[in-house]
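Novice: So I've got this file, my_file-v4.cif, and it contains mmCIF, C-alpha atoms:
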data_target
#
loop_
_atom_site.group_PDB
_atom_site.id
_atom_site.type_symbol
_atom_site.label_atom_id
_atom_site.label_comp_id
_atom_site.auth_asym_id
_atom_site.auth_seq_id
_atom_site.Cartn_x
_atom_site.Cartn_y
_atom_site.Cartn_z
ATOM 1 C CA MET S 1 -64.443 -137.307 41.189
ATOM 2 C CA ARG S 2 -66.793 -135.292 43.362
ATOM 3 C CA ARG S 3 -66.915 -137.980 45.950
ATOM 4 C CA GLY S 4 -63.149 -138.062 45.972
ATOM 5 C CA LEU S 5 -62.966 -134.328 46.581
ATOM 6 C CA SER S 6 -65.570 -134.323 49.334
ATOM 7 C CA GLY S 7 -63.864 -137.275 50.992
ATOM 8 C CA PHE S 8 -60.545 -135.460 50.816
ATOM 9 C CA LEU S 9 -62.014 -132.282 52.323
ATOM 10 C CA ALA S 10 -63.715 -134.239 55.078
ATOM 11 C CA ALA S 11 -60.487 -136.025 55.909
ATOM 12 C CA LEU S 12 -58.654 -132.691 55.958
ATOM 13 C CA GLY S 13 -61.245 -131.192 58.307
ATOM 14 C CA LEU S 14 -61.055 -134.196 60.572
ATOM 15 C CA LEU S 15 -57.272 -134.021 60.668
ATOM 16 C CA ALA S 16 -57.359 -130.332 61.552
ATOM 17 C CA LEU S 17 -59.873 -131.010 64.314
ATOM 18 C CA MET S 18 -57.757 -133.822 65.688
ATOM 19 C CA ALA S 19 -54.669 -131.663 65.632
ATOM 20 C CA ALA S 20 -56.473 -128.844 67.402
ATOM 21 C CA GLY S 21 -57.939 -131.216 69.963
ATOM 22 C CA ALA S 22 -54.738 -133.080 70.610
ATOM 23 C CA PHE S 23 -52.523 -130.082 71.112
ATOM 24 C CA GLY S 24 -54.876 -127.246 71.962
ATOM 25 C CA GLN S 25 -52.083 -124.917 71.082
ATOM 26 C CA VAL S 26 -49.413 -125.912 68.640
ATOM 27 C CA PRO S 27 -46.125 -125.440 70.465
ATOM 28 C CA SER S 28 -44.009 -122.836 68.769
ATOM 29 C CA TRP S 29 -41.481 -120.372 70.006
ATOM 30 C CA LYS S 30 -40.525 -116.974 68.630
ATOM 31 C CA PRO S 31 -36.937 -116.473 67.515
ATOM 32 C CA LEU S 32 -35.114 -114.107 69.891
ATOM 33 C CA ALA S 33 -34.940 -111.388 67.252
ATOM 34 C CA GLN S 34 -38.759 -111.348 67.091
ATOM 35 C CA ASP S 35 -39.659 -111.715 70.770
ATOM 36 C CA ASP S 36 -40.126 -107.969 71.394
ATOM 37 C CA LEU S 37 -37.506 -108.129 74.162
ATOM 38 C CA HIS S 38 -34.167 -108.709 72.452
ATOM 39 C CA ASP S 39 -32.746 -105.932 70.340
ATOM 40 C CA PRO S 40 -32.690 -107.335 66.784
ATOM 41 C CA ALA S 41 -29.872 -104.895 66.023
ATOM 42 C CA GLY S 42 -27.637 -106.301 68.753
ATOM 43 C CA PRO S 43 -25.174 -109.168 68.404
ATOM 44 C CA ALA S 44 -26.833 -111.418 71.019
ATOM 45 C CA VAL S 45 -29.734 -112.541 68.823
ATOM 46 C CA ASN S 46 -27.256 -114.360 66.590
ATOM 47 C CA LEU S 47 -25.229 -115.859 69.434
ATOM 48 C CA LEU S 48 -27.682 -116.960 72.124
ATOM 49 C CA GLN S 49 -29.504 -120.281 72.046
ATOM 50 C CA GLN S 50 -32.947 -120.004 70.450
ATOM 51 C CA PRO S 51 -35.933 -121.115 72.567
ATOM 52 C CA ALA S 52 -37.176 -123.491 69.863
ATOM 53 C CA ALA S 53 -33.832 -125.286 69.747
ATOM 54 C CA ALA S 54 -33.894 -125.977 73.468
ATOM 55 C CA LEU S 55 -37.591 -126.399 74.192
ATOM 56 C CA SER S 56 -38.909 -128.315 71.184
ATOM 57 C CA VAL S 57 -37.094 -131.492 72.291
ATOM 58 C CA LEU S 58 -38.672 -131.500 75.783
ATOM 59 C CA PRO S 59 -42.043 -133.018 76.810
ATOM 60 C CA PRO S 60 -44.668 -130.695 75.307
ATOM 61 C CA ASP S 61 -47.282 -128.697 77.155
ATOM 62 C CA GLY S 62 -50.076 -126.343 76.104
ATOM 63 C CA ALA S 63 -49.157 -123.383 78.312
ATOM 64 C CA GLY S 64 -46.247 -121.386 79.676
ATOM 65 C CA ASN S 65 -42.999 -122.373 77.985
ATOM 66 C CA MET S 66 -44.957 -125.174 76.265
ATOM 67 C CA VAL S 67 -42.806 -127.593 78.242
ATOM 68 C CA ARG S 68 -43.746 -130.010 81.025
ATOM 69 C CA TRP S 69 -40.823 -129.057 83.226
ATOM 70 C CA VAL S 70 -41.510 -131.530 86.040
ATOM 71 C CA LYS S 71 -41.819 -134.371 83.560
ATOM 72 C CA ALA S 72 -38.677 -133.244 81.742
ATOM 73 C CA LEU S 73 -36.762 -133.505 85.000
ATOM 74 C CA GLU S 74 -38.357 -136.760 86.184
ATOM 75 C CA GLU S 75 -37.735 -138.508 82.896
ATOM 76 C CA GLY S 76 -34.176 -137.252 82.611
ATOM 77 C CA HIS S 77 -34.638 -135.105 79.496
ATOM 78 C CA ILE S 78 -32.781 -132.420 81.438
ATOM 79 C CA GLN S 79 -30.200 -132.794 84.209
ATOM 80 C CA PRO S 80 -30.068 -129.386 85.866
ATOM 81 C CA ARG S 81 -27.460 -128.983 88.602
ATOM 82 C CA THR S 82 -28.707 -129.084 92.171
ATOM 83 C CA ALA S 83 -25.987 -127.059 93.858
ATOM 84 C CA LEU S 84 -22.858 -125.105 93.052
ATOM 85 C CA ARG S 85 -21.100 -125.504 96.388
ATOM 86 C CA GLN S 86 -20.262 -128.934 97.709
ATOM 87 C CA GLN S 87 -21.317 -128.078 101.236
ATOM 88 C CA THR S 88 -24.848 -127.032 100.230
ATOM 89 C CA LYS S 89 -27.351 -129.398 101.757
ATOM 90 C CA VAL S 90 -29.855 -130.612 99.196
ATOM 91 C CA GLN S 91 -33.195 -131.488 100.721
ATOM 92 C CA VAL S 92 -35.905 -133.417 98.927
ATOM 93 C CA TYR S 93 -39.136 -134.114 100.757
ATOM 94 C CA ASP S 94 -41.782 -136.556 99.593
ATOM 95 C CA LYS S 95 -45.205 -135.881 101.033
ATOM 96 C CA ASP S 96 -48.408 -134.925 99.278
ATOM 97 C CA VAL S 97 -50.651 -132.443 101.044
ATOM 98 C CA LEU S 98 -54.367 -132.126 100.315
ATOM 99 C CA LEU S 99 -55.568 -128.536 100.339
ATOM 100 C CA ASN S 100 -58.860 -126.721 99.794
ATOM 101 C CA LEU S 101 -60.851 -129.482 101.504
ATOM 102 C CA LYS S 102 -63.888 -127.262 102.037
ATOM 103 C CA GLY S 103 -63.818 -125.335 98.780
ATOM 104 C CA GLY S 104 -66.194 -125.645 95.863
ATOM 105 C CA MET S 105 -63.450 -126.645 93.451
ATOM 106 C CA PRO S 106 -61.899 -130.113 93.560
ATOM 107 C CA VAL S 107 -59.284 -130.640 96.268
ATOM 108 C CA VAL S 108 -55.689 -129.606 95.554
ATOM 109 C CA ARG S 109 -52.942 -132.185 95.790
ATOM 110 C CA PHE S 110 -49.707 -130.383 96.552
ATOM 111 C CA PRO S 111 -46.743 -132.657 95.828
ATOM 112 C CA HIS S 112 -43.708 -131.776 97.955
ATOM 113 C CA LYS S 113 -41.562 -134.118 95.857
ATOM 114 C CA ALA S 114 -41.986 -132.309 92.542
ATOM 115 C CA HIS S 115 -41.447 -128.964 94.277
ATOM 116 C CA THR S 116 -38.378 -129.886 96.312
ATOM 117 C CA GLU S 117 -36.704 -131.403 93.277
ATOM 118 C CA TRP S 118 -36.521 -127.829 92.023
ATOM 119 C CA LEU S 119 -36.695 -125.730 95.174
ATOM 120 C CA ASP S 120 -35.343 -125.606 98.698
ATOM 121 C CA CYS S 121 -37.699 -125.788 101.693
ATOM 122 C CA SER S 122 -36.707 -122.247 102.614
ATOM 123 C CA ASN S 123 -38.027 -120.896 99.324
ATOM 124 C CA CYS S 124 -41.584 -121.366 100.638
ATOM 125 C CA HIS S 125 -41.258 -121.996 104.398
ATOM 126 C CA ASP S 126 -42.083 -120.249 106.599
ATOM 127 C CA HIS S 127 -42.448 -116.828 105.011
ATOM 128 C CA LEU S 128 -45.011 -117.890 102.369
ATOM 129 C CA PHE S 129 -46.522 -120.957 104.031
ATOM 130 C CA LYS S 130 -46.158 -122.096 107.632
ATOM 131 C CA LYS S 131 -45.060 -125.696 107.920
ATOM 132 C CA GLN S 132 -47.912 -126.563 110.239
ATOM 133 C CA ALA S 133 -50.844 -127.900 108.220
ATOM 134 C CA GLY S 134 -53.774 -125.499 108.111
ATOM 135 C CA ALA S 135 -51.849 -122.644 109.718
ATOM 136 C CA THR S 136 -51.718 -120.554 106.542
ATOM 137 C CA LYS S 137 -54.875 -119.382 104.855
ATOM 138 C CA ILE S 138 -54.366 -119.870 101.147
ATOM 139 C CA SER S 139 -56.560 -117.829 98.865
ATOM 140 C CA MET S 140 -57.016 -117.839 95.133
ATOM 141 C CA PHE S 141 -57.260 -114.057 95.197
ATOM 142 C CA ARG S 142 -53.790 -113.785 96.699
ATOM 143 C CA ILE S 143 -52.453 -116.382 94.287
ATOM 144 C CA LEU S 144 -53.851 -114.442 91.336
ATOM 145 C CA SER S 145 -52.195 -111.310 92.719
ATOM 146 C CA GLY S 146 -48.824 -113.007 92.496
ATOM 147 C CA GLU S 147 -48.537 -114.103 96.109
ATOM 148 C CA GLN S 148 -48.299 -117.556 97.679
ATOM 149 C CA CYS S 149 -48.369 -120.163 94.840
ATOM 150 C CA GLY S 150 -48.697 -117.262 92.399
ATOM 151 C CA LEU S 151 -45.169 -116.121 93.115
ATOM 152 C CA CYS S 152 -44.057 -118.843 90.687
ATOM 153 C CA HIS S 153 -47.227 -120.194 89.056
ATOM 154 C CA GLY S 154 -48.095 -117.632 86.431
ATOM 155 C CA ALA S 155 -44.560 -116.324 86.189
ATOM 156 C CA VAL S 156 -42.186 -119.238 85.626
ATOM 157 C CA SER S 157 -44.029 -122.451 86.478
ATOM 158 C CA PHE S 158 -47.245 -123.545 84.785
ATOM 159 C CA PRO S 159 -49.764 -120.689 84.684
ATOM 160 C CA LEU S 160 -53.002 -120.204 86.607
ATOM 161 C CA THR S 161 -55.078 -121.014 83.557
ATOM 162 C CA GLU S 162 -54.390 -124.693 84.275
ATOM 163 C CA CYS S 163 -56.938 -125.010 87.113
ATOM 164 C CA SER S 164 -57.302 -128.771 87.070
ATOM 165 C CA ARG S 165 -53.604 -129.436 87.335
ATOM 166 C CA CYS S 166 -53.751 -128.355 90.996
ATOM 167 C CA HIS S 167 -57.450 -128.884 91.686
ATOM 168 C CA SER S 168 -57.163 -132.511 90.702
ATOM 169 C CA VAL S 169 -58.743 -134.620 93.455
ATOM 170 C CA SER S 170 -62.492 -135.165 93.849
ATOM 171 C CA HIS S 171 -63.872 -134.522 97.322
ATOM 172 C CA ALA S 172 -64.934 -138.171 97.579
ATOM 173 C CA GLN S 173 -61.423 -139.351 96.746
ATOM 174 C CA ALA S 174 -59.905 -136.859 99.200
ATOM 175 C CA ARG S 175 -62.185 -138.077 102.004
ATOM 176 C CA LYS S 176 -61.169 -141.647 101.242
ATOM 177 C CA GLU S 177 -57.472 -140.775 101.374
ATOM 178 C CA LEU S 178 -57.807 -138.823 104.595
ATOM 179 C CA GLU S 179 -59.789 -141.612 106.270
ATOM 180 C CA GLY S 180 -57.108 -144.081 105.213
ATOM 181 C CA GLN S 181 -54.435 -141.882 106.799
ATOM 182 C CA SER S 182 -56.242 -141.483 110.109
ATOM 183 C CA ARG S 183 -56.734 -145.218 110.547
ATOM 184 C CA MET V 184 -70.292 -130.187 46.303
ATOM 185 C CA SER V 185 -72.191 -132.329 48.702
ATOM 186 C CA ALA V 186 -73.478 -130.865 51.939
ATOM 187 C CA PHE V 187 -71.022 -133.037 53.803
ATOM 188 C CA ALA V 188 -68.037 -131.667 51.915
ATOM 189 C CA THR V 189 -69.228 -128.098 52.456
ATOM 190 C CA THR V 190 -69.616 -128.739 56.167
ATOM 191 C CA ALA V 191 -66.174 -130.299 56.310
ATOM 192 C CA ALA V 192 -64.647 -127.322 54.523
ATOM 193 C CA VAL V 193 -66.362 -124.865 56.868
ATOM 194 C CA VAL V 194 -65.231 -126.832 59.913
ATOM 195 C CA PHE V 195 -61.697 -126.907 58.566
ATOM 196 C CA ALA V 196 -61.685 -123.138 58.031
ATOM 197 C CA LEU V 197 -63.114 -122.512 61.499
ATOM 198 C CA VAL V 198 -60.501 -124.729 63.121
ATOM 199 C CA LEU V 199 -57.744 -122.897 61.283
ATOM 200 C CA LEU V 200 -59.147 -119.591 62.529
ATOM 201 C CA ALA V 201 -59.457 -120.899 66.067
ATOM 202 C CA LEU V 202 -55.814 -121.938 66.239
ATOM 203 C CA PRO V 203 -53.654 -119.275 67.871
ATOM 204 C CA ALA V 204 -52.418 -116.739 65.385
ATOM 205 C CA GLY V 205 -48.864 -116.946 66.677
ATOM 206 C CA PRO V 206 -46.827 -117.868 69.708
ATOM 207 C CA LEU V 207 -46.469 -115.635 72.714
ATOM 208 C CA ARG V 208 -43.793 -113.141 71.924
ATOM 209 C CA ALA V 209 -41.548 -112.926 74.952
ATOM 210 C CA GLU V 210 -40.771 -116.370 76.287
ATOM 211 C CA TYR V 211 -42.625 -117.276 79.492
ATOM 212 C CA GLY V 212 -40.619 -116.151 82.516
ATOM 213 C CA ASP V 213 -38.259 -113.773 80.715
ATOM 214 C CA VAL V 214 -37.117 -111.012 83.069
ATOM 215 C CA VAL V 215 -35.961 -107.575 81.944
ATOM 216 C CA LEU V 216 -33.569 -105.663 84.203
ATOM 217 C CA ASN V 217 -33.347 -102.027 83.350
ATOM 218 C CA ARG V 218 -33.174 -100.164 86.625
ATOM 219 C CA ARG V 219 -29.723 -98.897 85.762
ATOM 220 C CA ALA V 220 -28.592 -100.462 82.502
ATOM 221 C CA GLU V 221 -29.742 -97.889 79.998
ATOM 222 C CA ALA V 222 -28.952 -94.965 82.258
ATOM 223 C CA ALA V 223 -25.418 -96.364 82.321
ATOM 224 C CA GLY V 224 -25.292 -96.550 78.529
ATOM 225 C CA VAL V 225 -25.860 -100.264 77.899
ATOM 226 C CA ARG V 226 -28.857 -102.230 76.692
ATOM 227 C CA PRO V 227 -31.291 -103.618 79.284
ATOM 228 C CA VAL V 228 -30.571 -107.163 80.482
ATOM 229 C CA VAL V 229 -32.851 -109.991 79.367
ATOM 230 C CA PHE V 230 -32.748 -112.930 81.772
ATOM 231 C CA PRO V 231 -34.380 -116.090 80.330
ATOM 232 C CA HIS V 232 -35.649 -118.467 83.017
ATOM 233 C CA TRP V 233 -36.188 -121.221 80.427
ATOM 234 C CA PHE V 234 -32.521 -121.298 79.469
ATOM 235 C CA HIS V 235 -31.275 -121.378 83.033
ATOM 236 C CA ARG V 236 -33.674 -123.974 84.400
ATOM 237 C CA ILE V 237 -32.549 -126.521 81.827
ATOM 238 C CA ARG V 238 -29.089 -126.278 83.416
ATOM 239 C CA PHE V 239 -29.781 -125.358 87.055
ATOM 240 C CA ARG V 240 -32.615 -126.074 89.452
ATOM 241 C CA CYS V 241 -34.408 -123.054 90.889
ATOM 242 C CA LYS V 242 -32.731 -123.609 94.253
ATOM 243 C CA VAL V 243 -29.259 -122.904 92.905
ATOM 244 C CA CYS V 244 -30.053 -119.238 92.264
ATOM 245 C CA HIS V 245 -32.967 -118.776 94.655
ATOM 246 C CA PHE V 246 -31.359 -120.505 97.623
ATOM 247 C CA GLU V 247 -27.580 -120.779 97.206
ATOM 248 C CA LEU V 248 -27.044 -117.509 95.368
ATOM 249 C CA GLY V 249 -29.635 -115.568 97.318
ATOM 250 C CA PHE V 250 -31.869 -114.239 94.558
ATOM 251 C CA GLN V 251 -35.247 -113.283 96.027
ATOM 252 C CA MET V 252 -38.098 -114.750 94.013
ATOM 253 C CA ARG V 253 -39.945 -111.498 93.472
ATOM 254 C CA ALA V 254 -38.849 -109.847 90.232
ATOM 255 C CA GLY V 255 -37.506 -106.424 91.128
ATOM 256 C CA SER V 256 -36.430 -107.312 94.647
ATOM 257 C CA ASN V 257 -32.815 -108.065 93.756
ATOM 258 C CA ASP V 258 -30.671 -105.001 93.456
ATOM 259 C CA VAL V 259 -27.811 -106.523 91.498
ATOM 260 C CA ARG V 260 -24.981 -104.213 90.499
ATOM 261 C CA MET V 261 -22.303 -104.941 87.944
ATOM 262 C CA ASN V 262 -19.741 -104.870 90.734
ATOM 263 C CA ASP V 263 -21.501 -107.739 92.519
ATOM 264 C CA ILE V 264 -21.231 -109.825 89.384
ATOM 265 C CA ILE V 265 -17.582 -108.998 88.766
ATOM 266 C CA GLU V 266 -16.817 -109.892 92.370
ATOM 267 C CA GLY V 267 -18.552 -113.247 92.042
ATOM 268 C CA ARG V 268 -21.898 -112.603 93.669
ATOM 269 C CA PHE V 269 -25.343 -113.280 92.148
ATOM 270 C CA CYS V 270 -24.913 -113.912 88.372
ATOM 271 C CA GLY V 271 -21.169 -113.789 88.986
ATOM 272 C CA MET V 272 -21.254 -117.141 90.791
ATOM 273 C CA CYS V 273 -21.501 -118.762 87.362
ATOM 274 C CA HIS V 274 -20.768 -115.954 84.918
ATOM 275 C CA ASN V 275 -17.074 -116.010 85.686
ATOM 276 C CA GLY V 276 -15.644 -117.535 82.516
ATOM 277 C CA GLU V 277 -15.692 -121.006 84.062
ATOM 278 C CA ILE V 278 -19.273 -122.205 84.410
ATOM 279 C CA ALA V 279 -20.668 -119.595 82.023
ATOM 280 C CA TRP V 280 -19.356 -116.675 80.013
ATOM 281 C CA SER V 281 -17.532 -113.948 81.897
ATOM 282 C CA PRO V 282 -18.838 -110.416 82.473
ATOM 283 C CA GLU V 283 -16.683 -108.989 79.688
ATOM 284 C CA ASN V 284 -19.251 -110.321 77.228
ATOM 285 C CA CYS V 285 -21.491 -107.358 77.934
ATOM 286 C CA ASP V 286 -23.702 -107.773 74.877
ATOM 287 C CA LEU V 287 -24.770 -111.329 75.639
ATOM 288 C CA CYS V 288 -26.722 -110.308 78.754
ATOM 289 C CA HIS V 289 -27.285 -106.645 77.892
ATOM 290 C CA SER V 290 -29.280 -107.683 74.856
ATOM 291 C CA GLY V 291 -32.659 -105.993 75.326
ATOM 292 C CA LYS V 292 -34.423 -103.426 73.200
ATOM 293 C CA PRO V 293 -33.820 -99.860 74.307
ATOM 294 C CA GLY V 294 -36.657 -98.474 76.381
ATOM 295 C CA LEU V 295 -37.899 -101.729 77.884
ATOM 296 C CA PRO V 296 -39.348 -101.428 81.378
ATOM 297 C CA SER V 297 -38.043 -103.753 84.099
ATOM 298 C CA GLY V 298 -40.280 -106.683 84.928
ATOM 299 C CA ILE V 299 -41.245 -110.245 84.171
ATOM 300 C CA PHE V 300 -42.626 -110.937 80.704
ATOM 301 C CA GLY V 301 -44.270 -113.599 78.595
ATOM 302 C CA GLY V 302 -46.504 -114.619 81.431
ATOM 303 C CA HIS V 303 -50.109 -114.717 82.338
ATOM 304 C CA GLU V 304 -51.638 -112.648 85.084
ATOM 305 C CA THR V 305 -49.656 -112.870 88.233
ATOM 306 C CA ASN V 306 -47.581 -109.755 88.435
ATOM 307 C CA GLY V 307 -50.256 -108.308 90.658
ATOM 308 C CA PRO V 308 -50.739 -104.665 91.431
ATOM 309 C CA GLY V 309 -47.597 -102.690 92.151
ATOM 310 C CA ARG V 310 -45.349 -105.679 92.001
ATOM 311 C CA TRP V 311 -42.257 -104.062 90.530
#
What do you get writing this file as structure tokens?
Specialist:
Amino acid sequence: MRRGLSGFLAALGLLALMAAGAFGQVPSWKPLAQDDLHDPAGPAVNLLQQPAAALSVLPPDGAGNMVRWVKALEEGHIQPRTALRQQTKVQVYDKDVLLNLKGGMPVVRFPHKAHTEWLDCSNCHDHLFKKQAGATKISMFRILSGEQCGLCHGAVSFPLTECSRCHSVSHAQARKELEGQSR
Amino acid sequence: MSAFATTAAVVFALVLLALPAGPLRAEYGDVVLNRRAEAAGVRPVVFPHWFHRIRFRCKVCHFELGFQMRAGSNDVRMNDIIEGRFCGMCHNGEIAWSPENCDLCHSGKPGLPSGIFGGHETNGPGRW
């Protein structure tokens, strides 16, 4: 009997640990009436779509909206429109750029593809970042102040707590890639 | 109880405590617009990025429609919307509900300050 109980408790503890490890944060979304923004006395809270209804079916994440938005788009979970007007030119650009080559943190791989699927070139160029490689000094201080990458990351796209999602390439790997390119 | 069971129970309790107490309240990327709304006698507007980006890519509003990406830098008036600019490109009764449905956008709690909510730390000093 005792052994049964202790085994049960141990299994329960293990399960809880696994759950905590696997998800970090359990995705959950506040109903609109409890989000501290919508007026619970107004009619909208009963009419608008609830975040949980829309977001719980998308690829999960541990930060921000708890959704992997890039993955959701790539895998076709969502099909957001690209343009309203027919004559709007939609530009997608596929080139990774390695940044922060001399920094202490791992090198940043900036994927143009994932960004231009959502954004237009003119959203970032040339007022935030010059097109010419190395022409714009990018600083983490500015990013944390809501400039440069921080205009979106930390506001609508994945937050700045996710260091390794940008700083993802070891210096050795980056050197290898850059040598391969120059050959 | 065996030492193992006690340890397991303690670990379980600790893990439960370590889990976040609740979700973030405002949804990440929610924007409140209240520069004029309440002064004009309506609730502040709550704009949910999460809802819109499921249906439209960022570039539709931030490139085609001309919304600047800094919260607070778009001075949108109700007239613009009624005449088909900014929100009015879609909120025209065809793509999305028309501006007569005041309460659907003007849905915020009275007294809310304008700004972007539900986020981490990137508003920066003096951003709004």
Novice: Between CA of Ala44 in chain S and CA of Asn284 in chain V, what is the distance, to one decimal in Å?
Specialist: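 The value is 9.9 Å.
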Novice: Set the distance at 8 Å and use all atoms listed in the file: which residues neighbour Asp96 in chain S once local chain neighbours fewer than 4 positions away are removed? I'd like the list as a list in words.
Specialist: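 My list of contacting residues is Arg109, Phe110, Pro111, His112 and Lys113 of chain S.
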Novice: Select, from V:His232, V:Cys273, V:Ala254, V:Arg240, the residue with the minimum atom-to-atom distance to Thr82 in chain S, counting only C-alpha atoms.
Specialist: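 So, comparing all the options, the nearest one is V:Arg240.
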Novice: Kindly resolve the PyMOL selection byres ((chain S and resi 29-31) around 12) on the present coordinates and return the residues as a PyMOL selection string.
Specialist: (chain S and resi 25-28+32-40+44-56+63-67) or (chain V and resi 205-211+233+301)
Novice: Mind pulling up the distance from CA of Asp120 in chain S to CA of Gln251 in chain V?
Specialist: 12.6 Å
Novice: Which one is closest to chain S: V:Asp258, V:Glu266, V:Asp286, V:Glu277? Count only C-alpha atoms.
Specialist: V:Asp286
Novice: Box in all listed atoms of range 39-44 of chain S, axis-aligned, with 8 Å more on each side; write out centre and edge lengths in Å to one decimal as lines of an AutoDock Vina configuration file.
Specialist:
center_x = -29.0
center_y = -108.2
center_z = 68.5
size_x = 23.6
size_y = 22.5
size_z = 21.0
Novice: Between S:Gly134, S:Gly104, S:Pro43, S:Pro59, single out the one closest to chain V, counting all atoms listed in the file.
Specialist: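 Looking only at the distances to chain V, the closest residue turns out to be S:Pro43.
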Novice: Skip Gly150 in chain S itself and residues of its chain fewer than 3 positions away, then list as a list in words all residues within 10 Å of it, counting all atoms listed in the file.
Specialist: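 Skipping anything fewer than 3 positions along the chain leaves Met140, Phe141, Arg142, Ile143, Leu144, Ser145, Gly146, Glu147, His153, Gly154, Ala155, Val156, Ser157, Phe158, Pro159 and Leu160 of chain S; Glu304, Thr305, Asn306 and Gly307 of chain V.
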Novice: Written as an mmCIF file with C-alpha atoms, in the frame of the given file, what is the full residue list that the PyMOL selection byres ((chain S and resi 88) around 12) yields on the file shown?
Specialist:
data_model
loop_
_atom_site.group_PDB
_atom_site.id
_atom_site.type_symbol
_atom_site.label_atom_id
_atom_site.label_comp_id
_atom_site.auth_asym_id
_atom_site.auth_seq_id
_atom_site.Cartn_x
_atom_site.Cartn_y
_atom_site.Cartn_z
ATOM 1 C CA THR S 82 -28.707 -129.084 92.171
ATOM 2 C CA ALA S 83 -25.987 -127.059 93.858
ATOM 3 C CA LEU S 84 -22.858 -125.105 93.052
ATOM 4 C CA ARG S 85 -21.100 -125.504 96.388
ATOM 5 C CA GLN S 86 -20.262 -128.934 97.709
ATOM 6 C CA GLN S 87 -21.317 -128.078 101.236
ATOM 7 C CA LYS S 89 -27.351 -129.398 101.757
ATOM 8 C CA VAL S 90 -29.855 -130.612 99.196
ATOM 9 C CA GLN S 91 -33.195 -131.488 100.721
ATOM 10 C CA ASP S 120 -35.343 -125.606 98.698
ATOM 11 C CA LYS V 242 -32.731 -123.609 94.253
ATOM 12 C CA VAL V 243 -29.259 -122.904 92.905
ATOM 13 C CA PHE V 246 -31.359 -120.505 97.623
ATOM 14 C CA GLU V 247 -27.580 -120.779 97.206
ATOM 15 C CA LEU V 248 -27.044 -117.509 95.368
#
Novice: Rank nothing, just name the residue among S:Leu101, S:Glu117, S:Val92, S:Asp61 nearest to chain V, using all atoms listed in the file.
Specialist: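 The answer is S:Glu117, which sits nearest to chain V.
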Novice: Which residue out of S:Gln181, S:Ser170, S:Asn123, S:Asn100 has the minimum interatomic distance to chain V when only C-alpha atoms are used?
Specialist: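 Checking each of S:Gln181, S:Ser170, S:Asn123, S:Asn100 against chain V, counting only C-alpha atoms, the winner is S:Asn123.
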Novice: Please determine, counting all atoms listed in the file, which residue among S:Leu128, S:Ala135, S:Met105, S:Cys152 has the shortest atom-to-atom distance to chain V.
Specialist: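 Answer, going by the shortest atom-to-atom distance: S:Cys152.
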Novice: Have a look at CA of Asp94 in chain S and CA of His115 in chain S and let me know their distance in Å, one decimal.
Specialist: 9.3 Å
Novice: When the PyMOL selection byres ((chain V and resi 289) around 7) is applied to the structure above, which residues does it catch, written out as a ChimeraX atom specification?
Specialist: /V:225-229,285-288,290-291
Novice: Please identify all polymer residues lying at most 10 Å from the point (-37.1, -128.7, 87.4) (file coordinates), using all atoms listed in the file, and present the result as a list in words.
Specialist: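 Nearby residues: Arg68, Trp69, Val70, Lys71, Ala72, Leu73, Glu74, Ile78, Gln79, Pro80, Arg81, Thr82, Ala114, His115, Thr116, Glu117, Trp118, Leu119 and Ser157 of chain S; Arg236, Ile237, Arg238, Phe239, Arg240, Cys241 and Lys242 of chain V.
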Novice: Compile the contact shell of Gly271 in chain V as a ChimeraX atom specification: residues with an atom at most 10 Å away, counting all atoms listed in the file, same-chain residues fewer than 3 positions apart removed.
Specialist: /V:248,261-268,274-276,278-282
